[in-house]
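So this block is work.cif, mmCIF, C-alpha atoms (C1' of nucleotides):
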data_run
#
loop_
_atom_site.label_atom_id
_atom_site.label_comp_id
_atom_site.auth_asym_id
_atom_site.auth_seq_id
_atom_site.Cartn_x
_atom_site.Cartn_y
_atom_site.Cartn_z
CA MET A 1 34.12 370.07 -45.98
CA THR A 2 30.60 369.87 -44.73
CA ASP A 3 30.17 371.65 -41.43
CA ARG A 4 27.33 371.31 -38.99
CA GLY A 5 25.50 374.41 -40.11
CA GLN A 6 25.38 373.25 -43.68
CA ARG A 7 24.12 369.87 -42.61
CA LEU A 8 20.86 371.41 -41.59
CA GLU A 9 20.08 371.91 -45.23
CA LEU A 10 20.08 368.18 -45.92
CA GLY A 11 16.32 368.07 -45.52
CA ILE A 12 15.92 370.74 -48.17
CA LEU A 13 18.29 368.89 -50.49
CA LEU A 14 16.35 365.65 -50.13
CA PHE A 15 13.14 367.53 -50.77
CA VAL A 16 14.47 369.28 -53.85
CA ALA A 17 15.80 366.10 -55.43
CA ASN A 18 12.68 364.11 -54.66
CA ARG A 19 10.38 366.81 -55.89
CA ALA A 20 12.36 367.36 -59.09
CA LEU A 21 12.18 363.67 -59.94
CA GLU A 22 8.51 363.40 -59.08
CA GLN A 23 7.59 366.51 -61.02
CA ARG A 24 9.47 365.44 -64.12
CA ALA A 25 7.75 362.05 -64.09
CA PHE A 26 4.34 363.59 -63.55
CA ASP A 27 4.88 366.25 -66.22
CA ALA A 28 5.87 363.54 -68.68
CA VAL A 29 2.64 361.70 -67.94
CA VAL A 30 0.59 364.83 -68.52
CA ALA A 31 2.56 365.63 -71.69
CA ASP A 32 1.63 362.15 -72.89
CA GLY A 33 -2.00 363.18 -72.70
CA ILE A 34 -2.86 361.45 -69.45
CA THR A 35 -4.66 364.19 -67.58
CA ASP A 36 -7.16 362.32 -65.45
CA ILE A 37 -4.81 361.69 -62.57
CA THR A 38 -3.44 364.03 -59.91
CA LEU A 39 0.01 364.08 -58.36
CA SER A 40 -1.34 362.82 -55.05
CA GLN A 41 -3.09 359.95 -56.79
CA ALA A 42 0.07 359.15 -58.71
CA ARG A 43 2.10 359.07 -55.50
CA VAL A 44 -0.16 356.39 -54.14
CA ALA A 45 -0.27 354.49 -57.44
CA ALA A 46 3.54 354.47 -57.59
CA ARG A 47 3.63 352.55 -54.33
CA ILE A 48 1.37 349.70 -55.35
CA ALA A 49 3.32 346.44 -55.22
CA PRO A 50 3.36 344.09 -58.26
CA GLY A 51 0.92 341.66 -56.67
CA GLY A 52 -1.23 344.38 -55.18
CA SER A 53 -1.15 346.32 -51.94
CA ARG A 54 -3.50 346.98 -49.09
CA VAL A 55 -4.77 350.50 -48.56
CA SER A 56 -3.25 350.47 -45.09
CA ASP A 57 0.18 349.69 -46.51
CA LEU A 58 -0.12 352.35 -49.17
CA ALA A 59 -1.11 354.82 -46.49
CA ALA A 60 1.89 353.92 -44.37
CA GLN A 61 4.28 354.19 -47.29
CA ALA A 62 2.91 357.49 -48.57
CA ARG A 63 2.81 358.74 -44.97
CA VAL A 64 -0.84 359.68 -44.96
CA THR A 65 -3.76 358.35 -42.94
CA LYS A 66 -5.53 355.35 -44.32
CA GLN A 67 -8.57 357.54 -44.83
CA SER A 68 -6.58 359.77 -47.16
CA ALA A 69 -5.14 356.80 -48.99
CA ALA A 70 -8.58 355.22 -49.31
CA PHE A 71 -9.90 358.46 -50.75
CA LEU A 72 -7.18 358.56 -53.41
CA VAL A 73 -7.54 354.87 -54.24
CA GLU A 74 -11.26 355.43 -54.68
CA GLN A 75 -10.53 358.05 -57.31
CA LEU A 76 -7.93 355.89 -59.03
CA GLU A 77 -10.53 353.14 -59.16
CA ALA A 78 -13.12 355.51 -60.62
CA SER A 79 -10.61 356.45 -63.33
CA GLY A 80 -9.94 352.79 -64.01
CA TYR A 81 -6.27 352.75 -63.07
CA VAL A 82 -6.70 350.36 -60.16
CA GLU A 83 -9.07 347.65 -59.09
CA ARG A 84 -9.74 346.24 -55.66
CA VAL A 85 -9.98 342.53 -55.12
CA PRO A 86 -10.52 340.60 -51.92
CA ASP A 87 -7.32 339.51 -50.22
CA PRO A 88 -7.45 335.69 -50.22
CA THR A 89 -5.31 335.58 -47.11
CA ASP A 90 -7.34 338.04 -45.04
CA GLY A 91 -11.10 338.44 -45.14
CA ARG A 92 -10.96 342.00 -43.84
CA ALA A 93 -8.56 343.23 -46.47
CA ARG A 94 -8.76 344.08 -50.13
CA LEU A 95 -5.82 344.26 -52.49
CA VAL A 96 -5.41 347.31 -54.68
CA ARG A 97 -3.91 346.36 -58.04
CA LEU A 98 -2.96 348.33 -61.12
CA THR A 99 -5.15 347.55 -64.13
CA SER A 100 -4.00 347.30 -67.72
CA ARG A 101 -5.19 350.86 -68.16
CA ALA A 102 -2.25 351.87 -65.95
CA ASP A 103 0.32 350.24 -68.24
CA ARG A 104 0.91 353.30 -70.36
CA LEU A 105 1.06 355.49 -67.28
CA VAL A 106 3.70 353.30 -65.68
CA ARG A 107 5.71 353.02 -68.87
CA VAL A 108 5.78 356.77 -69.52
CA ALA A 109 6.63 357.61 -65.91
CA ASN A 110 9.40 355.04 -65.70
CA ALA A 111 10.89 356.16 -68.99
CA GLU A 112 11.07 359.73 -67.74
CA VAL A 113 12.64 358.66 -64.45
CA GLU A 114 15.30 356.82 -66.44
CA ARG A 115 15.89 359.97 -68.44
CA VAL A 116 16.24 362.11 -65.33
CA LEU A 117 18.61 359.64 -63.71
CA ALA A 118 20.74 359.66 -66.85
CA GLU A 119 20.98 363.44 -66.55
CA TRP A 120 21.91 363.12 -62.90
CA ALA A 121 24.57 360.57 -63.74
CA ASP A 122 25.93 362.95 -66.36
CA HIS A 123 26.16 365.66 -63.77
CA VAL A 124 27.70 363.90 -60.79
CA GLY A 125 29.00 360.70 -62.35
CA GLU A 126 27.64 357.17 -62.35
CA GLU A 127 29.63 356.22 -59.31
CA ARG A 128 28.42 358.99 -57.04
CA LEU A 129 24.83 358.41 -58.14
CA THR A 130 25.19 354.74 -57.27
CA GLN A 131 26.65 355.69 -53.90
CA LEU A 132 23.73 358.05 -53.31
CA HIS A 133 21.31 355.26 -54.05
CA GLU A 134 23.08 352.76 -51.83
CA THR A 135 23.39 355.12 -48.90
CA LEU A 136 19.72 355.99 -49.11
CA ARG A 137 18.84 352.32 -49.32
CA ASP A 138 20.82 351.66 -46.15
CA LEU A 139 19.29 354.64 -44.41
CA ARG A 140 15.86 353.28 -45.19
CA GLU A 141 16.53 350.54 -42.66
CA ILE A 142 16.28 353.11 -39.89
CA THR A 143 13.98 355.68 -41.47
CA ASP A 144 11.23 353.50 -42.87
CA PRO A 145 9.19 351.44 -40.41
CA TRP A 146 7.63 349.72 -43.42
CA ARG A 147 9.98 347.34 -45.20
CA MET B 1 25.37 346.37 -57.85
CA THR B 2 22.51 348.70 -58.61
CA ASP B 3 20.64 347.70 -61.73
CA ARG B 4 18.19 349.76 -63.74
CA GLY B 5 15.10 348.29 -62.16
CA GLN B 6 16.24 349.10 -58.67
CA ARG B 7 17.07 352.62 -59.71
CA LEU B 8 13.41 353.35 -60.19
CA GLU B 9 13.03 353.25 -56.46
CA LEU B 10 15.35 356.22 -55.94
CA GLY B 11 12.36 358.55 -55.80
CA ILE B 12 10.86 356.51 -52.99
CA LEU B 13 14.17 356.50 -51.14
CA LEU B 14 14.49 360.27 -51.38
CA PHE B 15 10.92 360.61 -50.18
CA VAL B 16 11.38 358.28 -47.24
CA ALA B 17 14.54 360.00 -46.03
CA ASN B 18 13.15 363.48 -46.43
CA ARG B 19 9.89 362.58 -44.77
CA ALA B 20 11.60 360.83 -41.87
CA LEU B 21 13.76 363.86 -41.16
CA GLU B 22 10.89 366.29 -41.49
CA GLN B 23 8.60 364.24 -39.30
CA ARG B 24 11.17 363.82 -36.56
CA ALA B 25 11.80 367.57 -36.49
CA PHE B 26 8.10 368.36 -36.45
CA ASP B 27 7.34 365.76 -33.79
CA ALA B 28 10.08 367.25 -31.62
CA VAL B 29 8.49 370.66 -31.95
CA VAL B 30 5.10 369.31 -30.96
CA ALA B 31 6.65 367.35 -28.09
CA ASP B 32 8.14 370.63 -26.90
CA GLY B 33 4.63 371.96 -26.51
CA ILE B 34 4.50 374.04 -29.68
CA THR B 35 1.18 372.99 -31.15
CA ASP B 36 -0.03 376.07 -32.96
CA ILE B 37 1.81 375.33 -36.17
CA THR B 38 1.13 372.79 -38.91
CA LEU B 39 3.62 370.78 -40.93
CA SER B 40 2.83 372.77 -44.06
CA GLN B 41 3.38 376.02 -42.23
CA ALA B 42 6.64 374.70 -40.81
CA ARG B 43 7.83 373.73 -44.29
CA VAL B 44 7.43 377.29 -45.43
CA ALA B 45 8.94 378.72 -42.24
CA ALA B 46 11.99 376.47 -42.64
CA ARG B 47 12.72 378.12 -45.96
CA ILE B 48 12.78 381.70 -44.74
CA ALA B 49 16.24 383.18 -45.31
CA PRO B 50 18.08 384.87 -42.41
CA GLY B 51 17.38 388.36 -43.71
CA GLY B 52 13.83 387.54 -44.77
CA SER B 53 12.28 386.08 -47.90
CA ARG B 54 9.64 387.12 -50.35
CA VAL B 55 6.47 385.06 -50.53
CA SER B 56 7.19 384.38 -54.18
CA ASP B 57 10.56 382.90 -53.33
CA LEU B 58 9.13 380.78 -50.53
CA ALA B 59 6.49 379.52 -52.92
CA ALA B 60 9.11 378.59 -55.50
CA GLN B 61 11.26 376.79 -52.96
CA ALA B 62 8.41 374.90 -51.36
CA ARG B 63 7.06 374.14 -54.84
CA VAL B 64 3.61 375.55 -54.28
CA THR B 65 1.80 378.45 -55.88
CA LYS B 66 2.36 381.85 -54.37
CA GLN B 67 -1.27 381.84 -53.30
CA SER B 68 -0.66 378.75 -51.22
CA ALA B 69 2.51 380.18 -49.75
CA ALA B 70 0.75 383.47 -48.99
CA PHE B 71 -2.00 381.54 -47.23
CA LEU B 72 0.49 379.73 -45.01
CA VAL B 73 2.51 382.88 -44.30
CA GLU B 74 -0.72 384.61 -43.31
CA GLN B 75 -1.32 381.93 -40.70
CA LEU B 76 2.26 382.04 -39.47
CA GLU B 77 1.85 385.78 -39.08
CA ALA B 78 -1.41 385.33 -37.16
CA SER B 79 0.40 382.95 -34.81
CA GLY B 80 3.20 385.46 -34.38
CA TYR B 81 6.00 383.36 -35.87
CA VAL B 82 6.69 385.69 -38.78
CA GLU B 83 6.25 389.33 -39.61
CA ARG B 84 6.06 391.04 -42.96
CA VAL B 85 8.00 394.20 -43.62
CA PRO B 86 8.28 396.24 -46.80
CA ASP B 87 11.21 395.32 -48.99
CA PRO B 88 13.38 398.46 -49.13
CA THR B 89 14.69 397.42 -52.52
CA ASP B 90 11.34 396.77 -54.16
CA GLY B 91 8.15 398.67 -53.50
CA ARG B 92 5.94 395.82 -54.64
CA ALA B 93 7.49 393.26 -52.35
CA ARG B 94 7.33 392.49 -48.66
CA LEU B 95 9.88 390.47 -46.76
CA VAL B 96 8.73 387.66 -44.52
CA ARG B 97 10.95 387.37 -41.47
CA LEU B 98 10.97 385.08 -38.47
CA THR B 99 10.13 386.82 -35.20
CA SER B 100 11.70 386.17 -31.82
CA ARG B 101 8.71 383.98 -31.08
CA ALA B 102 10.13 381.55 -33.63
CA ASP B 103 13.45 381.24 -31.83
CA ARG B 104 12.43 378.31 -29.69
CA LEU B 105 10.80 376.61 -32.67
CA VAL B 106 13.96 376.92 -34.72
CA ARG B 107 16.19 375.78 -31.87
CA VAL B 108 14.12 372.69 -31.08
CA ALA B 109 13.77 371.69 -34.74
CA ASN B 110 17.46 372.15 -35.47
CA ALA B 111 18.45 370.19 -32.39
CA GLU B 112 16.31 367.27 -33.49
CA VAL B 113 17.72 367.38 -37.01
CA GLU B 114 21.22 367.20 -35.52
CA ARG B 115 20.12 364.22 -33.49
CA VAL B 116 18.69 362.43 -36.52
CA LEU B 117 21.78 363.09 -38.58
CA ALA B 118 23.91 361.69 -35.79
CA GLU B 119 21.82 358.51 -35.95
CA TRP B 120 22.23 358.40 -39.70
CA ALA B 121 25.98 358.84 -39.38
CA ASP B 122 26.03 356.01 -36.87
CA HIS B 123 24.23 353.80 -39.33
CA VAL B 124 26.06 354.47 -42.59
CA GLY B 125 29.21 356.20 -41.38
CA GLU B 126 30.22 359.85 -41.35
CA GLU B 127 31.92 359.60 -44.68
CA ARG B 128 29.01 358.19 -46.61
CA LEU B 129 26.65 360.71 -45.04
CA THR B 130 28.97 363.50 -46.12
CA GLN B 131 29.09 362.04 -49.62
CA LEU B 132 25.30 361.89 -49.67
CA HIS B 133 25.12 365.53 -48.73
CA GLU B 134 27.68 366.61 -51.29
CA THR B 135 26.11 364.65 -54.12
CA LEU B 136 22.71 366.11 -53.35
CA ARG B 137 24.20 369.59 -53.19
CA ASP B 138 25.71 369.09 -56.63
CA LEU B 139 22.47 367.68 -57.98
CA ARG B 140 20.69 370.76 -56.79
CA GLU B 141 22.46 372.69 -59.51
CA ILE B 142 20.35 370.92 -62.09
CA THR B 143 17.23 370.12 -60.07
CA ASP B 144 16.54 373.44 -58.39
CA PRO B 145 15.75 376.39 -60.62
CA TRP B 146 15.97 378.60 -57.53
CA ARG B 147 19.49 379.15 -56.23
"C1'" DC C 1 -13.53 331.53 -26.42
"C1'" DT C 2 -12.52 335.88 -24.91
"C1'" DA C 3 -9.94 340.07 -25.27
"C1'" DG C 4 -7.23 342.77 -28.07
"C1'" DT C 5 -5.89 344.16 -32.68
"C1'" DT C 6 -6.35 345.21 -37.50
"C1'" DA C 7 -8.60 346.46 -42.21
"C1'" DG C 8 -11.28 349.35 -44.08
"C1'" DA C 9 -15.78 351.89 -44.48
"C1'" DC C 10 -18.51 356.02 -43.19
"C1'" DA C 11 -19.32 360.81 -41.60
"C1'" DG C 12 -17.89 365.37 -40.99
"C1'" DA C 13 -14.63 369.05 -40.56
"C1'" DT C 14 -10.43 371.39 -41.58
"C1'" DT C 15 -6.37 372.44 -44.22
"C1'" DA C 16 -3.95 373.06 -48.27
"C1'" DT C 17 -3.91 373.85 -52.89
"C1'" DC C 18 -5.22 375.52 -57.31
"C1'" DT C 19 -7.04 378.79 -61.30
"C1'" DG C 20 -8.14 383.22 -62.42
"C1'" DT C 21 -8.15 388.10 -61.89
"C1'" DC C 22 -6.64 392.58 -60.33
"C1'" DT C 23 -3.56 396.57 -58.83
"C1'" DA C 24 0.65 398.70 -57.95
"C1'" DA C 25 5.51 398.80 -58.70
"C1'" DT C 26 9.47 397.72 -61.33
"C1'" DA C 27 12.25 396.81 -65.46
"C1'" DT C 28 13.21 397.26 -70.33
"C1'" DG C 29 13.66 398.96 -74.92
"C1'" DG C 30 13.30 402.52 -77.91
"C1'" DC D 1 11.23 409.78 -70.96
"C1'" DC D 2 7.66 406.98 -72.22
"C1'" DA D 3 5.27 402.73 -73.66
"C1'" DT D 4 5.21 398.00 -72.88
"C1'" DA D 5 6.07 393.97 -70.52
"C1'" DT D 6 7.00 391.78 -66.30
"C1'" DT D 7 6.73 390.96 -61.40
"C1'" DA D 8 4.94 390.96 -56.36
"C1'" DG D 9 1.36 390.10 -54.02
"C1'" DA D 10 -3.67 390.71 -52.81
"C1'" DC D 11 -8.46 389.06 -53.49
"C1'" DA D 12 -12.18 385.77 -54.73
"C1'" DG D 13 -13.86 381.36 -55.37
"C1'" DA D 14 -13.48 376.48 -56.16
"C1'" DT D 15 -11.43 371.99 -55.54
"C1'" DA D 16 -8.42 368.63 -53.60
"C1'" DA D 17 -6.30 366.52 -49.91
"C1'" DT D 18 -5.98 365.56 -45.32
"C1'" DC D 19 -7.34 364.87 -40.66
"C1'" DT D 20 -10.10 363.10 -36.25
"C1'" DG D 21 -13.42 360.15 -34.73
"C1'" DT D 22 -16.40 356.23 -34.98
"C1'" DC D 23 -18.03 351.78 -36.46
"C1'" DT D 24 -18.22 346.83 -38.11
"C1'" DA D 25 -16.27 342.69 -39.56
"C1'" DA D 26 -12.37 339.70 -39.41
"C1'" DC D 27 -8.19 338.10 -37.62
"C1'" DT D 28 -4.83 336.86 -33.63
"C1'" DA D 29 -3.17 335.44 -29.29
"C1'" DG D 30 -3.66 333.76 -24.85
#
Target encoding structure tokens, full file:
Amino acid sequence: MTDRGQRLELGILLFVANRALEQRAFDAVVADGITDITLSQARVAARIAPGGSRVSDLAAQARVTKQSAAFLVEQLEASGYVERVPDPTDGRARLVRLTSRADRLVRVANAEVERVLAEWADHVGEERLTQLHETLRDLREITDPWR
Amino acid sequence: MTDRGQRLELGILLFVANRALEQRAFDAVVADGITDITLSQARVAARIAPGGSRVSDLAAQARVTKQSAAFLVEQLEASGYVERVPDPTDGRARLVRLTSRADRLVRVANAEVERVLAEWADHVGEERLTQLHETLRDLREITDPWR
DNA sequence: CTAGTTAGACAGATTATCTGTCTAATATGG
DNA sequence: CCATATTAGACAGATAATCTGTCTAACTAG
């Protein structure tokens, strides 16, 4: 059974799992020879939508101020991983998009995430991992103001 | 069903849930009038074991270097939330312990976490929340080198 | 068309984090 | 018991990340 006292550790458990996944993906990227990106930059890059995202949205999703997000996007742009184009639907905004230079980065990171999830599935079973995912997806409805 | 593509978002989901919980707890502390602590400091403080923890252990659990952890502990000590005492079992080490000044902090944060978890249980059901917790606890065996 | 809001740029300061080095204490293997 | 290796944490210095506050241009709603 899971009593109240133990429940307080849920935050730690979420942190540990998230951090383990993130670190494995980032380490794989570095091991692949991609060393001109930091973990903070990668966190922002990982949140860029297929068609491009606004800095404000990235900031909201990464839970940092838009100034911080803009700073990281600036560096990603300098490294050539993203480009900023005017948003056709809003003259104030610019869309941040991944460039082709980011392809390898994305591929390597995703491959490692798949590998980690396979290990997780081995450990707790496919079904429980699926349940974990679905519960978190449902929780997002009340924990994430963005989307 | 949860296909492979969707699985890649698990990292984001873990992040969102963790961050939501952490932010709610921290906001509650600030709302209670406790403003002389930062989120980073609180993260370290939340990992101090009942009998005290070594800086090295806190660093490992918070996934930062021991220099970073030492820096945050130093500030927590200056604010009076923790004290450092020699570790009787190891002459090199010092144990970081919460002081009585931290009591209110801990109480307010824990109360808010309980509140958030009650909301989560309302949203996905007690059973699924319990499953979430148990799956994450099992995953910790392979994702957390510490403990 | 006016008032309010939003996107992002700019400036400046603070906070958090890292790498590298050092000393003292502990643990280990012969 | 001693030599060696490891560990805990302090110290120094540099860098990275983050924040608050302000400003302009562009959108939105009444």
Between B:Leu95, B:Leu136, B:Ala25, B:Leu39, single out the one closest to chain C, counting all atoms listed in the file. B:Leu39
Go ahead and align chain B to chain A (same sequence, so just pair every C-alpha in order, least squares) and export the moved chain as a compact mmCIF listing (two decimals) with C-alpha atoms, in the coordinates of the input.
# COMPACT_ATOMS: atom_id res chain seq x y z
CA MET B 1 34.16 370.11 -46.02
CA THR B 2 30.63 369.89 -44.73
CA ASP B 3 30.19 371.66 -41.43
CA ARG B 4 27.32 371.36 -38.99
CA GLY B 5 25.51 374.45 -40.18
CA GLN B 6 25.43 373.28 -43.75
CA ARG B 7 24.16 369.91 -42.66
CA LEU B 8 20.89 371.46 -41.62
CA GLU B 9 20.10 371.94 -45.26
CA LEU B 10 20.11 368.20 -45.96
CA GLY B 11 16.34 368.10 -45.55
CA ILE B 12 15.95 370.75 -48.21
CA LEU B 13 18.31 368.88 -50.52
CA LEU B 14 16.37 365.65 -50.13
CA PHE B 15 13.16 367.54 -50.79
CA VAL B 16 14.47 369.28 -53.88
CA ALA B 17 15.79 366.08 -55.44
CA ASN B 18 12.69 364.08 -54.67
CA ARG B 19 10.39 366.81 -55.89
CA ALA B 20 12.36 367.34 -59.09
CA LEU B 21 12.18 363.65 -59.95
CA GLU B 22 8.51 363.38 -59.08
CA GLN B 23 7.59 366.48 -61.02
CA ARG B 24 9.47 365.42 -64.12
CA ALA B 25 7.74 362.04 -64.09
CA PHE B 26 4.34 363.59 -63.56
CA ASP B 27 4.88 366.25 -66.21
CA ALA B 28 5.86 363.53 -68.67
CA VAL B 29 2.63 361.71 -67.94
CA VAL B 30 0.59 364.85 -68.50
CA ALA B 31 2.56 365.64 -71.66
CA ASP B 32 1.63 362.17 -72.88
CA GLY B 33 -2.00 363.19 -72.70
CA ILE B 34 -2.87 361.45 -69.44
CA THR B 35 -4.66 364.19 -67.56
CA ASP B 36 -7.18 362.35 -65.44
CA ILE B 37 -4.81 361.71 -62.57
CA THR B 38 -3.45 364.04 -59.89
CA LEU B 39 0.01 364.09 -58.36
CA SER B 40 -1.34 362.81 -55.05
CA GLN B 41 -3.09 359.96 -56.77
CA ALA B 42 0.07 359.15 -58.72
CA ARG B 43 2.09 359.07 -55.50
CA VAL B 44 -0.16 356.39 -54.13
CA ALA B 45 -0.27 354.49 -57.43
CA ALA B 46 3.53 354.48 -57.59
CA ARG B 47 3.62 352.57 -54.33
CA ILE B 48 1.38 349.71 -55.36
CA ALA B 49 3.33 346.45 -55.22
CA PRO B 50 3.37 344.13 -58.27
CA GLY B 51 0.94 341.67 -56.71
CA GLY B 52 -1.24 344.39 -55.19
CA SER B 53 -1.15 346.34 -51.95
CA ARG B 54 -3.50 346.95 -49.09
CA VAL B 55 -4.77 350.48 -48.56
CA SER B 56 -3.26 350.43 -45.09
CA ASP B 57 0.16 349.67 -46.49
CA LEU B 58 -0.13 352.35 -49.16
CA ALA B 59 -1.13 354.82 -46.48
CA ALA B 60 1.88 353.90 -44.36
CA GLN B 61 4.27 354.19 -47.27
CA ALA B 62 2.90 357.47 -48.53
CA ARG B 63 2.78 358.72 -44.94
CA VAL B 64 -0.87 359.65 -44.92
CA THR B 65 -3.78 358.32 -42.93
CA LYS B 66 -5.57 355.32 -44.33
CA GLN B 67 -8.60 357.52 -44.87
CA SER B 68 -6.59 359.74 -47.17
CA ALA B 69 -5.14 356.78 -49.01
CA ALA B 70 -8.59 355.21 -49.34
CA PHE B 71 -9.89 358.47 -50.78
CA LEU B 72 -7.17 358.55 -53.42
CA VAL B 73 -7.53 354.85 -54.26
CA GLU B 74 -11.26 355.42 -54.68
CA GLN B 75 -10.54 358.05 -57.31
CA LEU B 76 -7.94 355.90 -59.03
CA GLU B 77 -10.53 353.15 -59.17
CA ALA B 78 -13.13 355.52 -60.62
CA SER B 79 -10.63 356.47 -63.33
CA GLY B 80 -9.96 352.82 -64.03
CA TYR B 81 -6.28 352.78 -63.07
CA VAL B 82 -6.68 350.37 -60.17
CA GLU B 83 -9.06 347.66 -59.10
CA ARG B 84 -9.74 346.25 -55.68
CA VAL B 85 -9.97 342.52 -55.14
CA PRO B 86 -10.49 340.57 -51.94
CA ASP B 87 -7.30 339.48 -50.24
CA PRO B 88 -7.41 335.66 -50.26
CA THR B 89 -5.26 335.57 -47.15
CA ASP B 90 -7.30 338.01 -45.08
CA GLY B 91 -11.05 338.39 -45.18
CA ARG B 92 -10.95 341.94 -43.88
CA ALA B 93 -8.54 343.19 -46.49
CA ARG B 94 -8.75 344.07 -50.15
CA LEU B 95 -5.81 344.27 -52.50
CA VAL B 96 -5.39 347.32 -54.69
CA ARG B 97 -3.91 346.37 -58.04
CA LEU B 98 -2.97 348.34 -61.13
CA THR B 99 -5.15 347.58 -64.15
CA SER B 100 -4.01 347.33 -67.75
CA ARG B 101 -5.20 350.90 -68.16
CA ALA B 102 -2.26 351.90 -65.97
CA ASP B 103 0.29 350.26 -68.24
CA ARG B 104 0.90 353.32 -70.36
CA LEU B 105 1.05 355.52 -67.26
CA VAL B 106 3.67 353.31 -65.68
CA ARG B 107 5.70 353.04 -68.87
CA VAL B 108 5.77 356.78 -69.51
CA ALA B 109 6.62 357.63 -65.90
CA ASN B 110 9.38 355.05 -65.68
CA ALA B 111 10.87 356.18 -68.97
CA GLU B 112 11.06 359.74 -67.72
CA VAL B 113 12.63 358.66 -64.44
CA GLU B 114 15.29 356.80 -66.43
CA ARG B 115 15.89 359.95 -68.43
CA VAL B 116 16.25 362.10 -65.32
CA LEU B 117 18.62 359.64 -63.69
CA ALA B 118 20.72 359.64 -66.83
CA GLU B 119 20.97 363.43 -66.53
CA TRP B 120 21.91 363.10 -62.89
CA ALA B 121 24.58 360.54 -63.72
CA ASP B 122 25.92 362.91 -66.36
CA HIS B 123 26.16 365.64 -63.78
CA VAL B 124 27.69 363.87 -60.79
CA GLY B 125 28.99 360.67 -62.35
CA GLU B 126 27.63 357.13 -62.34
CA GLU B 127 29.61 356.18 -59.31
CA ARG B 128 28.42 358.95 -57.05
CA LEU B 129 24.83 358.39 -58.13
CA THR B 130 25.18 354.72 -57.26
CA GLN B 131 26.65 355.67 -53.89
CA LEU B 132 23.74 358.03 -53.30
CA HIS B 133 21.31 355.25 -54.02
CA GLU B 134 23.07 352.75 -51.81
CA THR B 135 23.40 355.13 -48.88
CA LEU B 136 19.73 356.00 -49.08
CA ARG B 137 18.83 352.32 -49.27
CA ASP B 138 20.82 351.68 -46.12
CA LEU B 139 19.29 354.67 -44.39
CA ARG B 140 15.88 353.29 -45.15
CA GLU B 141 16.54 350.57 -42.62
CA ILE B 142 16.29 353.13 -39.86
CA THR B 143 13.99 355.71 -41.44
CA ASP B 144 11.24 353.52 -42.83
CA PRO B 145 9.19 351.51 -40.37
CA TRP B 146 7.61 349.74 -43.34
CA ARG B 147 9.89 347.27 -45.11
Residues at most 10 Å from DT7 (chain D), counting only C-alpha atoms (C1' of nucleotides), excluding those fewer than 2 positions away in the same chain, as a short mmCIF file (atom, residue, chain, number, x, y, z; two decimals) with C-alpha atoms (C1' of nucleotides), keeping the file's coordinate frame?
data_model
loop_
_atom_site.label_atom_id
_atom_site.label_comp_id
_atom_site.auth_asym_id
_atom_site.auth_seq_id
_atom_site.Cartn_x
_atom_site.Cartn_y
_atom_site.Cartn_z
CA SER B 56 7.19 384.38 -54.18
CA ARG B 92 5.94 395.82 -54.64
CA ALA B 93 7.49 393.26 -52.35
"C1'" DA C 25 5.51 398.80 -58.70
"C1'" DT C 26 9.47 397.72 -61.33
"C1'" DA C 27 12.25 396.81 -65.46
"C1'" DA D 5 6.07 393.97 -70.52
"C1'" DG D 9 1.36 390.10 -54.02
#
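CA of Asn110 (chain A) is positioned 12.1 Å from CA of Asp27 (chain A).
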Starting from the displayed file, determine the output of the PyMOL selection byres ((chain D) within 12 of (chain B)) and express the residue list as JSON, numbers by chain. {"D": [7, 8, 9, 10, 11, 12, 18, 19]}
Test item: which residues lie within 12 Å of (-6.6, 349.4, -66.7) counting all atoms listed in the file, as an NGL selection string: :A and (76-84 or 97-106)
From the options A:Arg47, A:Thr65, A:Ile37, A:Val96, which residue's atoms come nearest to chain B, counting all atoms listed in the file?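 Closest residue, counting all atoms listed in the file: A:Arg47.
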Which residues of chain B come within 6 Å of chain A, and for each one, what is the closest pair of atoms and their distance in Å to one decimal, counting all atoms listed in the file, sorted by chain and residue number, as a Markdown table?
| residue | atom | partner | partner_atom | distance |
| --- | --- | --- | --- | --- |
| B:Gly11 | CA | A:Asn18 | CA | 5.7 |
| B:Leu13 | CA | A:Leu136 | CA | 5.9 |
| B:Leu14 | CA | A:Asn18 | CA | 5.4 |
| B:Phe15 | CA | A:Asn18 | CA | 6.0 |
| B:Asn18 | CA | A:Leu14 | CA | 5.4 |
| B:Ala20 | CA | A:Thr143 | CA | 5.7 |
| B:Leu132 | CA | A:Leu132 | CA | 5.5 |
| B:Leu136 | CA | A:Leu13 | CA | 6.0 |
| B:Thr143 | CA | A:Ala20 | CA | 5.7 |
Under the rule of at most 9 Å, produce a per-residue listing of chain C near chain A: chain, number, name, the closest pair of atoms, and the distance in Å, as a tab-separated table, using all atoms listed in the file.
residue	atom	partner	partner_atom	distance
C:DT6	C1'	A:Arg92	CA	8.5
C:DA7	C1'	A:Arg92	CA	5.3
C:DG8	C1'	A:Ala93	CA	7.1
Point-to-point distance from CA of Ile48 (chain A) to C1' of DA16 (chain C), Å rounded to tenths: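 Calculated distance between CA of Ile48 (chain A) and C1' of DA16 (chain C) is 25.0 Å.
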Non-local contacts of Leu72 (chain A) (8 Å; all atoms listed in the file; under 5 positions in same chain excluded) as a ChimeraX atom specification: /A:40-41,44
Please compute the C1' of DT2 (chain C)-C1' of DT24 (chain D) distance, one decimal, in Å.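 Rounded to one decimal, the two atoms are 18.1 Å apart.
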Selection: 10 Å around DA29 (chain D), all atoms listed in the file, excl. self and same-chain fewer than 6 positions, as a VMD selection string: chain C and resid 3 to 5
Would you save the residues of that selection, restricted to C-alpha atoms (C1' of nucleotides), as a PDB file, keeping the file's coordinate frame?
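Result file is result06.pdb:
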ATOM      1  C1'  DA C   3      -9.940 340.070 -25.270  1.00  0.00           C
ATOM      2  C1'  DG C   4      -7.230 342.770 -28.070  1.00  0.00           C
ATOM      3  C1'  DT C   5      -5.890 344.160 -32.680  1.00  0.00           C
TER       4       DT C   5
END
